[in-house]
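Okay, upload_4.txt now, which holds compact mmCIF, C-alpha atoms:
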```txt
# COMPACT_ATOMS: atom_id res chain seq x y z
CA MET A 1 0.00 0.00 0.00
CA THR A 2 1.27 3.49 -0.82
CA GLN A 3 2.11 5.53 2.25
CA GLU A 4 0.11 8.72 2.58
CA PHE A 5 2.74 11.10 3.94
CA TRP A 6 0.26 13.96 4.30
CA ARG A 7 -2.01 11.95 6.61
CA TRP A 8 -1.81 13.21 10.18
CA LYS A 9 -2.84 11.20 13.20
CA GLU A 10 -6.46 11.42 14.31
CA TYR A 11 -7.13 11.20 18.04
CA ASN A 12 -9.55 11.71 20.90
CA TRP A 13 -9.06 12.58 24.56
CA ARG A 14 -11.11 12.71 27.74
CA ASP A 15 -10.53 13.72 31.32
CA GLU A 16 -10.88 10.40 33.10
CA THR A 17 -10.72 12.01 36.53
CA ARG A 18 -13.86 13.99 35.99
CA ASP A 19 -17.44 12.86 36.59
CA TRP A 20 -19.86 14.71 34.36
CA LYS A 21 -23.00 13.43 36.05
CA GLY A 22 -24.61 16.15 38.10
CA ALA A 23 -22.89 18.92 36.16
CA GLU A 24 -24.87 22.15 35.80
CA THR A 25 -23.76 22.88 32.26
CA ILE A 26 -22.59 20.49 29.58
CA THR A 27 -21.86 22.31 26.34
CA ALA A 28 -20.12 21.38 23.13
CA GLY A 29 -18.56 22.89 20.06
CA ALA A 30 -18.36 21.16 16.70
CA ASP A 31 -15.77 22.71 14.41
CA VAL A 32 -16.16 21.32 10.91
CA GLY A 33 -13.18 22.64 9.01
CA SER A 34 -12.23 22.12 5.40
CA VAL A 35 -9.57 19.56 6.32
CA SER A 36 -10.18 18.55 9.94
CA SER A 37 -13.18 18.37 12.28
CA GLN A 38 -13.09 18.68 16.05
CA ALA A 39 -15.73 18.15 18.70
CA VAL A 40 -15.05 19.66 22.12
CA ILE A 41 -17.11 19.01 25.25
CA LEU A 42 -17.03 21.25 28.31
CA VAL A 43 -18.41 20.23 31.69
CA ASP A 44 -19.19 23.27 33.85
CA GLY A 45 -16.88 25.29 31.62
CA GLU A 46 -13.92 22.90 32.02
CA LEU A 47 -12.49 20.87 29.15
CA TYR A 48 -13.81 17.32 29.47
CA ALA A 49 -13.35 15.60 26.11
CA TYR A 50 -12.47 16.23 22.49
CA SER A 51 -11.76 14.54 19.21
CA ASN A 52 -9.83 15.57 16.12
CA MET A 53 -10.31 13.81 12.79
CA ARG A 54 -10.25 14.43 9.06
CA THR A 55 -13.32 16.01 7.49
CA GLY A 56 -14.92 13.79 4.90
CA SER A 57 -16.90 14.81 1.88
CA ASP A 58 -20.10 14.96 3.93
CA SER A 59 -20.03 17.78 6.54
CA PRO A 60 -23.01 16.63 8.66
CA ASP A 61 -21.54 13.14 8.78
CA SER A 62 -18.10 14.50 9.76
CA ALA A 63 -19.65 16.56 12.56
CA ARG A 64 -21.55 13.53 13.83
CA LYS A 65 -18.51 11.25 13.68
CA ALA A 66 -16.33 13.78 15.51
CA MET A 67 -18.96 14.21 18.23
CA ASP A 68 -19.48 10.44 18.58
CA TRP A 69 -15.74 9.94 18.94
CA ALA A 70 -15.45 12.66 21.60
CA LEU A 71 -18.32 11.01 23.50
CA GLN A 72 -16.82 7.53 23.20
CA ASP A 73 -16.33 5.76 26.57
CA THR A 74 -17.66 8.77 28.49
CA GLY A 75 -21.12 7.30 29.13
CA MET A 76 -22.48 10.62 27.88
CA THR A 77 -24.84 10.84 24.92
CA MET A 78 -25.76 13.77 22.69
CA ASP A 79 -28.99 14.16 24.73
CA ASP A 80 -26.94 14.95 27.84
CA ILE A 81 -25.40 18.00 26.16
CA HIS A 82 -27.38 21.14 26.93
CA TYR A 83 -26.20 23.39 24.11
CA ILE A 84 -24.09 22.87 20.99
CA VAL A 85 -22.53 25.49 18.74
CA GLY A 86 -21.37 24.64 15.24
CA THR A 87 -18.44 26.49 13.72
CA GLY A 88 -15.94 26.27 10.89
CA TYR A 89 -16.33 26.00 7.16
CA GLY A 90 -19.18 23.50 7.54
CA ARG A 91 -20.88 25.21 10.51
CA VAL A 92 -24.24 25.51 8.78
CA ASN A 93 -24.17 21.76 8.18
CA VAL A 94 -23.95 20.63 11.80
CA PRO A 95 -27.39 19.04 12.16
CA PHE A 96 -27.38 18.86 15.96
CA ALA A 97 -26.13 22.41 16.62
CA ASN A 98 -28.34 24.93 18.38
CA ARG A 99 -26.52 27.79 16.72
CA ALA A 100 -23.75 28.47 14.19
CA ILE A 101 -20.99 30.98 14.94
CA THR A 102 -18.10 31.89 12.65
CA GLU A 103 -14.73 30.28 13.29
CA ILE A 104 -13.18 33.74 13.60
CA ALA A 105 -15.18 34.56 16.73
CA CYS A 106 -14.66 31.01 18.04
CA HIS A 107 -10.88 31.05 17.58
CA ALA A 108 -10.67 34.36 19.44
CA ARG A 109 -12.77 32.98 22.29
CA GLY A 110 -10.92 29.67 22.38
CA GLY A 111 -7.55 31.39 22.12
CA ASN A 112 -8.50 33.59 25.08
CA LEU A 113 -8.94 30.49 27.26
CA MET A 114 -5.97 28.59 25.84
CA TYR A 115 -3.44 31.40 26.08
CA GLY A 116 -4.98 33.66 28.73
CA PRO A 117 -6.60 37.09 28.61
CA THR A 118 -3.36 38.86 27.63
CA VAL A 119 -3.47 37.45 24.11
CA ARG A 120 -4.25 40.21 21.59
CA THR A 121 -3.29 38.68 18.24
CA ILE A 122 -4.20 35.18 17.15
CA LEU A 123 -3.07 33.59 13.95
CA ASP A 124 -5.10 30.57 12.96
CA MET A 125 -3.30 28.55 10.34
CA GLY A 126 -6.00 26.19 9.24
CA GLY A 127 -6.34 23.46 6.66
CA GLN A 128 -7.41 25.62 3.75
CA ASP A 129 -7.34 29.15 5.06
CA CYS A 130 -5.41 31.44 7.27
CA LYS A 131 -6.98 33.90 9.71
CA ALA A 132 -5.35 36.83 11.44
CA ILE A 133 -7.44 37.92 14.42
CA ARG A 134 -7.07 40.75 16.92
CA CYS A 135 -9.07 40.46 20.11
CA ASP A 136 -9.64 42.12 23.47
CA GLU A 137 -9.15 40.75 26.98
CA ARG A 138 -12.51 38.94 26.85
CA GLY A 139 -11.70 37.19 23.60
CA LYS A 140 -13.98 39.43 21.53
CA VAL A 141 -12.78 40.06 17.99
CA THR A 142 -11.67 43.65 17.31
CA ASN A 143 -10.16 43.14 13.87
CA PHE A 144 -9.93 40.15 11.57
CA LEU A 145 -8.74 39.13 8.19
CA MET A 146 -9.15 35.81 6.50
CA ASN A 147 -7.45 34.52 3.41
CA ASP A 148 -9.20 31.49 2.00
CA LYS A 149 -8.67 32.10 -1.67
CA CYS A 150 -5.14 30.83 -1.84
CA ALA A 151 -3.70 27.65 -0.30
CA ALA A 152 -0.30 29.24 0.35
CA GLY A 153 0.17 29.49 4.10
CA THR A 154 -2.28 26.71 4.90
CA GLY A 155 -2.11 23.16 6.18
CA ARG A 156 -3.15 21.80 2.81
CA GLY A 157 -0.13 23.44 1.20
CA MET A 158 2.09 21.69 3.75
CA GLU A 159 0.37 18.36 3.06
CA VAL A 160 1.16 18.76 -0.64
CA PHE A 161 4.85 19.22 0.19
CA ALA A 162 4.93 16.31 2.62
CA ASP A 163 3.56 14.11 -0.13
CA LEU A 164 5.92 15.44 -2.80
CA LEU A 165 8.99 14.89 -0.63
CA ALA A 166 7.72 11.62 0.90
CA ILE A 167 8.20 12.90 4.43
CA PRO A 168 5.59 12.24 7.13
CA ILE A 169 3.83 15.54 7.87
CA GLU A 170 4.65 15.38 11.59
CA ASP A 171 8.39 15.39 10.74
CA VAL A 172 8.33 18.27 8.26
CA GLY A 173 8.95 21.08 10.77
CA ASP A 174 11.92 19.58 12.58
CA LEU A 175 13.57 18.35 9.38
CA SER A 176 13.25 21.80 7.79
CA LEU A 177 15.29 23.20 10.67
CA ASP A 178 18.06 20.66 10.17
CA VAL A 179 19.94 22.68 7.54
CA ASP A 180 23.40 24.24 7.79
CA GLU A 181 22.36 27.46 6.14
CA GLU A 182 18.91 28.94 5.61
CA PRO A 183 18.09 28.74 1.88
CA PRO A 184 16.17 31.51 0.12
CA PRO A 185 12.40 30.92 0.27
CA VAL A 186 10.69 29.37 -2.74
CA SER A 187 9.64 32.31 -4.87
CA SER A 188 6.22 31.09 -5.98
CA THR A 189 3.24 32.25 -3.97
CA CYS A 190 0.90 29.62 -5.34
CA VAL A 191 1.18 26.11 -3.86
CA VAL A 192 0.87 24.50 -7.29
CA PHE A 193 3.73 26.58 -8.68
CA ALA A 194 5.71 26.19 -5.46
CA LYS A 195 5.42 22.43 -5.90
CA SER A 196 6.79 22.70 -9.46
CA GLU A 197 9.59 24.93 -8.16
CA ALA A 198 10.40 22.38 -5.46
CA SER A 199 10.61 19.61 -8.06
CA SER A 200 13.08 21.73 -10.03
CA LEU A 201 15.17 22.34 -6.89
CA LEU A 202 15.28 18.60 -6.18
CA ARG A 203 16.46 17.99 -9.73
CA GLU A 204 19.16 20.62 -9.19
CA GLY A 205 20.43 18.52 -6.30
CA TRP A 206 18.90 20.28 -3.30
CA SER A 207 18.31 17.98 -0.33
CA LYS A 208 14.75 17.37 0.84
CA LYS A 209 15.51 19.21 4.08
CA ARG A 210 16.70 22.26 2.17
CA VAL A 211 13.59 22.28 -0.02
CA LEU A 212 11.42 22.00 3.08
CA ALA A 213 13.32 24.86 4.70
CA ALA A 214 12.72 26.99 1.60
CA TYR A 215 9.01 26.18 1.64
CA CYS A 216 8.55 26.73 5.40
CA SER A 217 10.33 30.04 5.04
CA ALA A 218 8.06 31.10 2.16
CA MET A 219 5.00 30.07 4.14
CA ALA A 220 6.12 32.07 7.18
CA HIS A 221 6.77 35.12 5.02
CA ARG A 222 3.41 34.81 3.35
CA VAL A 223 1.61 34.72 6.68
CA VAL A 224 3.60 37.66 8.05
CA THR A 225 2.29 39.77 5.13
CA LEU A 226 -1.23 38.85 6.17
CA LEU A 227 -0.56 39.64 9.83
CA GLU A 228 0.97 42.99 8.99
CA ARG A 229 -2.29 44.10 7.42
CA ILE A 230 -4.07 43.99 10.76
CA GLY A 231 -0.99 44.77 12.86
CA VAL A 232 0.51 42.47 15.45
CA GLU A 233 0.03 43.37 19.09
CA LYS A 234 1.54 41.39 21.98
CA ASP A 235 0.70 38.81 23.26
CA PHE A 236 0.70 36.76 20.11
CA ALA A 237 -0.51 33.17 19.72
CA ILE A 238 -0.90 30.65 16.92
CA THR A 239 -3.70 28.11 16.59
CA GLY A 240 -4.49 25.41 14.03
CA GLY A 241 -2.52 22.46 12.75
CA ILE A 242 0.43 24.47 11.46
CA ALA A 243 1.07 25.66 15.03
CA LYS A 244 2.55 22.17 15.49
CA ASN A 245 5.07 22.73 12.70
CA SER A 246 8.22 24.07 14.36
CA GLY A 247 9.81 24.90 10.99
CA VAL A 248 7.12 27.44 10.14
CA ILE A 249 6.62 28.76 13.67
CA ILE A 250 10.29 29.44 14.41
CA ARG A 251 10.75 31.23 11.06
CA LEU A 252 7.53 33.17 11.61
CA GLU A 253 8.62 34.29 15.07
CA LYS A 254 12.01 35.29 13.70
CA GLU A 255 10.48 37.38 10.94
CA LEU A 256 8.03 39.04 13.32
CA GLY A 257 10.65 39.48 16.02
CA LEU A 258 8.10 38.16 18.47
CA GLU A 259 7.75 34.89 20.34
CA SER A 260 4.35 33.21 20.29
CA LEU A 261 2.68 32.02 23.47
CA LYS A 262 2.65 28.29 24.17
CA SER A 263 -0.34 26.46 25.60
CA LYS A 264 -1.04 23.20 27.40
CA TYR A 265 -4.07 22.78 25.12
CA ASP A 266 -4.02 21.18 21.67
CA THR A 267 -3.79 24.06 19.16
CA GLN A 268 -6.17 22.33 16.77
CA ILE A 269 -9.12 22.49 19.15
CA ALA A 270 -9.15 26.31 19.50
CA GLY A 271 -12.19 26.75 17.24
CA GLY A 272 -14.18 23.91 18.83
CA LEU A 273 -13.23 25.09 22.30
CA GLY A 274 -14.37 28.62 21.49
CA ALA A 275 -17.64 27.24 20.13
CA ALA A 276 -18.20 25.26 23.34
CA LEU A 277 -17.50 28.42 25.38
CA PHE A 278 -20.01 30.36 23.28
CA ALA A 279 -22.45 27.50 23.85
CA LYS A 280 -22.02 27.90 27.62
CA THR A 281 -22.68 31.65 27.46
CA LEU A 282 -25.73 31.16 25.23
CA LEU A 283 -27.08 28.40 27.47
CA GLU A 284 -26.76 30.61 30.55
CA LYS A 285 -28.46 33.47 28.69
CA GLN A 286 -31.27 31.13 27.63
CA ARG A 287 -31.77 29.83 31.19
CA LYS A 288 -31.79 33.35 32.60
CA SER A 289 -34.47 34.50 30.18
CA ALA A 290 -36.63 31.37 30.67
CA MET B 291 -14.62 45.40 15.18
CA LYS B 292 -12.83 45.87 11.89
CA ALA B 293 -14.04 43.19 9.52
CA ASN B 294 -11.76 42.72 6.51
CA TYR B 295 -13.46 40.92 3.67
CA GLY B 296 -11.46 39.93 0.64
CA TYR B 297 -8.19 38.27 -0.15
CA LEU B 298 -4.55 38.54 -0.93
CA ASP B 299 -3.30 36.82 -4.07
CA GLY B 300 -0.37 37.01 -6.43
CA SER B 301 -1.77 40.16 -8.05
CA GLY B 302 -2.38 42.20 -4.92
CA GLU B 303 -4.53 42.82 -1.85
CA TYR B 304 -8.25 43.25 -2.27
CA PHE B 305 -10.00 43.98 1.00
CA ILE B 306 -13.11 45.92 1.93
CA THR B 307 -12.92 46.85 5.60
CA ILE B 308 -16.08 47.55 7.56
CA ASP B 309 -15.71 49.10 11.00
CA THR B 310 -18.72 47.54 12.70
CA ASP B 311 -18.43 49.84 15.74
CA LEU B 312 -19.25 52.71 13.38
CA CYS B 313 -21.62 50.69 11.21
CA ILE B 314 -24.03 49.83 14.07
CA LYS B 315 -24.63 53.55 14.64
CA CYS B 316 -26.02 53.93 11.11
CA PRO B 317 -29.83 53.67 11.02
CA HIS B 318 -30.35 53.30 7.27
CA HIS B 319 -27.37 51.36 5.84
CA GLY B 320 -27.41 53.30 2.58
CA CYS B 321 -24.33 51.44 1.40
CA VAL B 322 -26.36 48.34 0.57
CA ASP B 323 -28.55 50.12 -1.99
CA ALA B 324 -25.68 52.27 -3.23
CA CYS B 325 -23.63 49.31 -4.47
CA PRO B 326 -24.53 48.76 -8.13
CA VAL B 327 -23.56 45.08 -8.00
CA ASN B 328 -25.15 44.27 -4.60
CA ILE B 329 -21.94 43.24 -2.89
CA LEU B 330 -23.05 44.45 0.52
CA GLU B 331 -25.73 42.96 2.73
CA ILE B 332 -26.95 43.40 6.29
CA ILE B 333 -26.19 40.51 8.62
CA THR B 334 -26.52 39.75 12.31
CA ASP B 335 -22.95 39.12 13.36
CA ASP B 336 -21.62 36.74 16.04
CA TYR B 337 -22.21 39.36 18.72
CA ASP B 338 -25.84 39.89 17.64
CA ASP B 339 -25.19 43.30 16.04
CA GLU B 340 -26.86 44.20 12.74
CA VAL B 341 -24.08 45.32 10.48
CA ALA B 342 -23.14 45.54 6.81
CA ALA B 343 -20.95 42.79 5.40
CA VAL B 344 -19.63 41.71 2.03
CA GLY B 345 -21.78 38.85 0.75
CA GLU B 346 -20.15 35.43 0.92
CA GLU B 347 -20.32 34.92 -2.85
CA HIS B 348 -18.35 38.13 -3.52
CA ARG B 349 -15.54 37.71 -1.00
CA LYS B 350 -13.19 35.83 -3.31
CA LYS B 351 -13.70 37.98 -6.40
CA LEU B 352 -13.79 41.54 -5.14
CA LYS B 353 -11.16 42.65 -7.63
CA TYR B 354 -13.58 41.83 -10.42
CA ASP B 355 -16.91 42.61 -8.75
CA CYS B 356 -15.77 46.09 -7.69
CA ALA B 357 -14.13 46.81 -11.05
CA PRO B 358 -17.11 48.76 -12.54
CA CYS B 359 -16.69 51.39 -9.79
CA LYS B 360 -12.92 51.54 -10.22
CA PRO B 361 -11.98 52.69 -13.70
CA ILE B 362 -8.25 53.11 -14.28
CA SER B 363 -8.47 56.87 -14.80
CA ASP B 364 -10.88 59.56 -13.54
CA ARG B 365 -12.04 57.33 -10.76
CA PRO B 366 -15.19 58.78 -9.17
CA PRO B 367 -15.81 58.46 -5.42
CA LEU B 368 -16.91 54.94 -4.60
CA PRO B 369 -20.72 54.77 -4.16
CA CYS B 370 -20.55 52.53 -1.07
CA VAL B 371 -17.99 54.77 0.65
CA THR B 372 -19.95 57.92 -0.23
CA ALA B 373 -23.23 56.42 1.03
CA CYS B 374 -21.64 55.27 4.28
CA THR B 375 -22.32 58.29 6.47
CA PRO B 376 -20.44 57.01 9.56
CA GLY B 377 -17.31 56.46 7.44
CA ALA B 378 -17.18 52.76 8.24
CA ILE B 379 -16.19 51.45 4.80
CA THR B 380 -12.70 51.54 3.30
CA HIS B 381 -11.18 49.74 0.32
CA SER B 382 -7.58 48.58 0.27
CA TRP B 383 -7.05 49.08 -3.46
```
Representation of the structure as structure tokens:
Amino acid sequence: MTQEFWRWKEYNWRDETRDWKGAETITAGADVGSVSSQAVILVDGELYAYSNMRTGSDSPDSARKAMDWALQDTGMTMDDIHYIVGTGYGRVNVPFANRAITEIACHARGGNLMYGPTVRTILDMGGQDCKAIRCDERGKVTNFLMNDKCAAGTGRGMEVFADLLAIPIEDVGDLSLDVDEEPPPVSSTCVVFAKSEASSLLREGWSKKRVLAAYCSAMAHRVVTLLERIGVEKDFAITGGIAKNSGVIIRLEKELGLESLKSKYDTQIAGGLGAALFAKTLLEKQRKSA
Amino acid sequence: MKANYGYLDGSGEYFITIDTDLCIKCPHHGCVDACPVNILEIITDDYDDEVAAVGEEHRKKLKYDCAPCKPISDRPPLPCVTACTPGAITHSW
């Protein structure tokens, strides 16, 4: 069987020390992205369980599968969840959601919990888009910009390179840093052209690590251009799958002259976590007005 | 909130920015009717405010959709910007 180098590991997690029975609020967020889907469950506002898996061709089905996986072995069913917010590219296709909220607002809210109230700039490097978000101390968006027209600077672009170079996607970042001298970034903005350029560089005798370094560098530069449009204010944090790619993050920090905050939370659940936090607020509002 | 709708591609940056803090103060949203190609619409945003936004179907082709209002020479004032009395709308190009 051919190895799919772009395929990242899917996983779920739950807090085994916590008993959800008797909780006052159980809320969830379902983030159906263009590449990955996450379901996040909060019990009384605390992270209880989540899942992260690839989005299939059917958004409602992906949302359901992600939620089922997050609920697995918890003894909890969908009926036990009091309020669910859908977010992400497929947010309007989450059949069990009580409300849909954009991923921009959810990433800001999730980022506020993950990195603390001092975070003012969040960069979400998603599967097929890139979002630069400025927010206040409550995690409310004050300025945002999204680029979803071009795959440069996205997870999908990185997957294309992992496949081209036959390097597992989890190893791309570290390998790109293992070069004696930083090569110039690939000049093409477009992922398709960048891939052609990379093939040419390989034919010229460049090592895979050097090509990866050139691509990570181009990706970091591309994203910095986006960030500069809204302005970067400290503290700065990165969410999304690319936040796990040290090759891009280190180059990005170097170019910005700013270190990004690190979190104990999984960076890929920021949107789902924000959605679950919104769900909690909306549930409390609903109960108050009832 | 400053909402930037549009994109950045190999040919340039094409963003329409709507300052929703200013936009919510506007009672009539004249920008929506002023746009000859109906790019703008009124939405309820994530914070339950009624504000103008660039329609989803236009966000990835603003360069082309806004072109009729942006001739190369003798460019007149943009109808959406002129109609926006609170000064909430700006174009990046």
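Contact shell of region 327-338 of chain B at 9 Å (only C-alpha atoms; same-chain neighbours under 4 positions omitted): Ala100, Ile101, Thr102, Ala105 and Lys140 of chain A; His319, Cys321, Val322, Asp323, Ala342, Ala343, Val344, Gly345, Glu346, Glu347, His348, Arg349, Leu352, Asp355, Cys356, Pro358 and Cys370 of chain B.
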- Can you tell me, as a PyMOL selection string, what residues are no more than 10 Å from Ile81 (chain A) when counting all atoms listed in the file, ignoring any on the same chain fewer than 5 positions away? chain A and resi 25-28+41-43+76
Pull C-alpha atoms from the residues just selected and write them as a PDB file, in the frame of the given file.
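Heads up, here's the output in selection.pdb:
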```pdb
ATOM      1  CA  THR A  25     -23.760  22.880  32.260  1.00  0.00           C
ATOM      2  CA  ILE A  26     -22.590  20.490  29.580  1.00  0.00           C
ATOM      3  CA  THR A  27     -21.860  22.310  26.340  1.00  0.00           C
ATOM      4  CA  ALA A  28     -20.120  21.380  23.130  1.00  0.00           C
ATOM      5  CA  ILE A  41     -17.110  19.010  25.250  1.00  0.00           C
ATOM      6  CA  LEU A  42     -17.030  21.250  28.310  1.00  0.00           C
ATOM      7  CA  VAL A  43     -18.410  20.230  31.690  1.00  0.00           C
ATOM      8  CA  MET A  76     -22.480  10.620  27.880  1.00  0.00           C
TER       9      MET A  76
END
```
- Query: Nearest to Glu303 (chain B): which of B:Lys353, B:Leu368, B:Thr380, B:Pro326 is it, counting all atoms listed in the file?
  - Reply: B:Lys353
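Shortest separation to Lys292 (chain B) among A:His221, A:Lys208, A:Lys288, A:Arg134 occurs at residue A:Arg134, atoms counted being all atoms listed in the file.
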- Could you list the residues in chain B lying within 8 Å of chain A, using all atoms listed in the file, and format the result as a ChimeraX atom specification? /B:291-300,336,350
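You will find CA of Val223 (chain A) at 12.3 Å from CA of Ala243 (chain A).
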- Neighbours of Val40 (chain A) within 6 Å (all atoms listed in the file; same-chain residues fewer than 3 positions away dropped), as a count of residues only? 6
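For the residues A:Arg203, A:Arg64, A:Lys131, A:Arg287, ranking by smallest atom-to-atom distance to Asn93 (chain A) using all atoms listed in the file places A:Arg64 first.
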- Task: List the neighbours of Pro317 (chain B) out to 12 Å using only C-alpha atoms; skip same-chain residues closer than 4 positions along the sequence, and give me the result as a ChimeraX atom specification.
- Result: /B:312-313,321,332,340-342,374-376
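Using only C-alpha atoms, the nearest neighbour of Gly110 (chain A) within the list A:Asp266, A:Asp79, A:Glu259, A:Glu197 is A:Asp266.
As for CA of Met125 (chain A) and CA of Gly240 (chain A), they are spaced 5.0 Å apart.
CA of Pro185 (chain A) to CA of Asp129 (chain A) spans 20.4 Å [interatomic distance, one decimal].
Restricting the calculation to only C-alpha atoms, the smallest distance between Ile250 (chain A) and any of A:Lys234, A:Cys216, A:Pro184, A:Phe5 is found for A:Cys216.
Distances from A:Tyr11, A:Phe236, A:Phe193, A:Phe161 to Met53 (chain A) were compared using only C-alpha atoms, and the smallest one belongs to A:Tyr11.
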Would you mind putting back N, CA and C atoms on region 250-270 of chain A, then writing it out as an mmCIF file, in the frame of the given file?
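For reference, rebuild-v2.cif as written:
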```cif
data_model
loop_
_atom_site.group_PDB
_atom_site.id
_atom_site.type_symbol
_atom_site.label_atom_id
_atom_site.label_comp_id
_atom_site.auth_asym_id
_atom_site.auth_seq_id
_atom_site.Cartn_x
_atom_site.Cartn_y
_atom_site.Cartn_z
ATOM 1 N N ILE A 250 9.028 28.786 14.049
ATOM 2 C CA ILE A 250 10.290 29.440 14.410
ATOM 3 C C ILE A 250 10.658 30.523 13.383
ATOM 4 N N ARG A 251 10.437 30.231 12.103
ATOM 5 C CA ARG A 251 10.750 31.230 11.060
ATOM 6 C C ARG A 251 9.791 32.421 11.148
ATOM 7 N N LEU A 252 8.549 32.125 11.464
ATOM 8 C CA LEU A 252 7.530 33.170 11.610
ATOM 9 C C LEU A 252 7.880 34.098 12.775
ATOM 10 N N GLU A 253 8.262 33.501 13.890
ATOM 11 C CA GLU A 253 8.620 34.290 15.070
ATOM 12 C C GLU A 253 9.851 35.157 14.784
ATOM 13 N N LYS A 254 10.776 34.571 14.041
ATOM 14 C CA LYS A 254 12.010 35.290 13.700
ATOM 15 C C LYS A 254 11.681 36.510 12.829
ATOM 16 N N GLU A 255 10.823 36.283 11.851
ATOM 17 C CA GLU A 255 10.480 37.380 10.940
ATOM 18 C C GLU A 255 9.677 38.471 11.653
ATOM 19 N N LEU A 256 8.834 38.063 12.585
ATOM 20 C CA LEU A 256 8.030 39.040 13.320
ATOM 21 C C LEU A 256 8.823 39.696 14.454
ATOM 22 N N GLY A 257 9.874 39.000 14.887
ATOM 23 C CA GLY A 257 10.650 39.480 16.020
ATOM 24 C C GLY A 257 9.842 39.347 17.304
ATOM 25 N N LEU A 258 9.033 38.335 17.357
ATOM 26 C CA LEU A 258 8.100 38.160 18.470
ATOM 27 C C LEU A 258 7.915 36.668 18.741
ATOM 28 N N GLU A 259 7.958 36.306 20.010
ATOM 29 C CA GLU A 259 7.750 34.890 20.340
ATOM 30 C C GLU A 259 6.266 34.638 20.575
ATOM 31 N N SER A 260 5.773 33.514 20.078
ATOM 32 C CA SER A 260 4.350 33.210 20.290
ATOM 33 C C SER A 260 4.165 32.497 21.624
ATOM 34 N N LEU A 261 2.980 32.673 22.205
ATOM 35 C CA LEU A 261 2.680 32.020 23.470
ATOM 36 C C LEU A 261 2.519 30.516 23.255
ATOM 37 N N LYS A 262 2.843 29.737 24.253
ATOM 38 C CA LYS A 262 2.650 28.290 24.170
ATOM 39 C C LYS A 262 1.514 27.922 25.123
ATOM 40 N N SER A 263 0.811 26.847 24.785
ATOM 41 C CA SER A 263 -0.340 26.460 25.600
ATOM 42 C C SER A 263 -0.297 24.981 25.934
ATOM 43 N N LYS A 264 -0.944 24.616 27.048
ATOM 44 C CA LYS A 264 -1.040 23.200 27.400
ATOM 45 C C LYS A 264 -2.128 22.517 26.563
ATOM 46 N N TYR A 265 -2.993 23.333 25.927
ATOM 47 C CA TYR A 265 -4.070 22.780 25.120
ATOM 48 C C TYR A 265 -3.580 22.440 23.711
ATOM 49 N N ASP A 266 -4.300 21.542 23.054
ATOM 50 C CA ASP A 266 -4.020 21.180 21.670
ATOM 51 C C ASP A 266 -4.417 22.366 20.780
ATOM 52 N N THR A 267 -3.498 22.861 19.961
ATOM 53 C CA THR A 267 -3.790 24.060 19.160
ATOM 54 C C THR A 267 -4.897 23.842 18.129
ATOM 55 N N GLN A 268 -5.144 22.594 17.783
ATOM 56 C CA GLN A 268 -6.170 22.330 16.770
ATOM 57 C C GLN A 268 -7.599 22.415 17.304
ATOM 58 N N ILE A 269 -7.748 22.462 18.624
ATOM 59 C CA ILE A 269 -9.120 22.490 19.150
ATOM 60 C C ILE A 269 -9.600 23.918 19.463
ATOM 61 N N ALA A 270 -8.797 24.921 19.137
ATOM 62 C CA ALA A 270 -9.150 26.310 19.500
ATOM 63 C C ALA A 270 -10.564 26.696 19.033
#
```
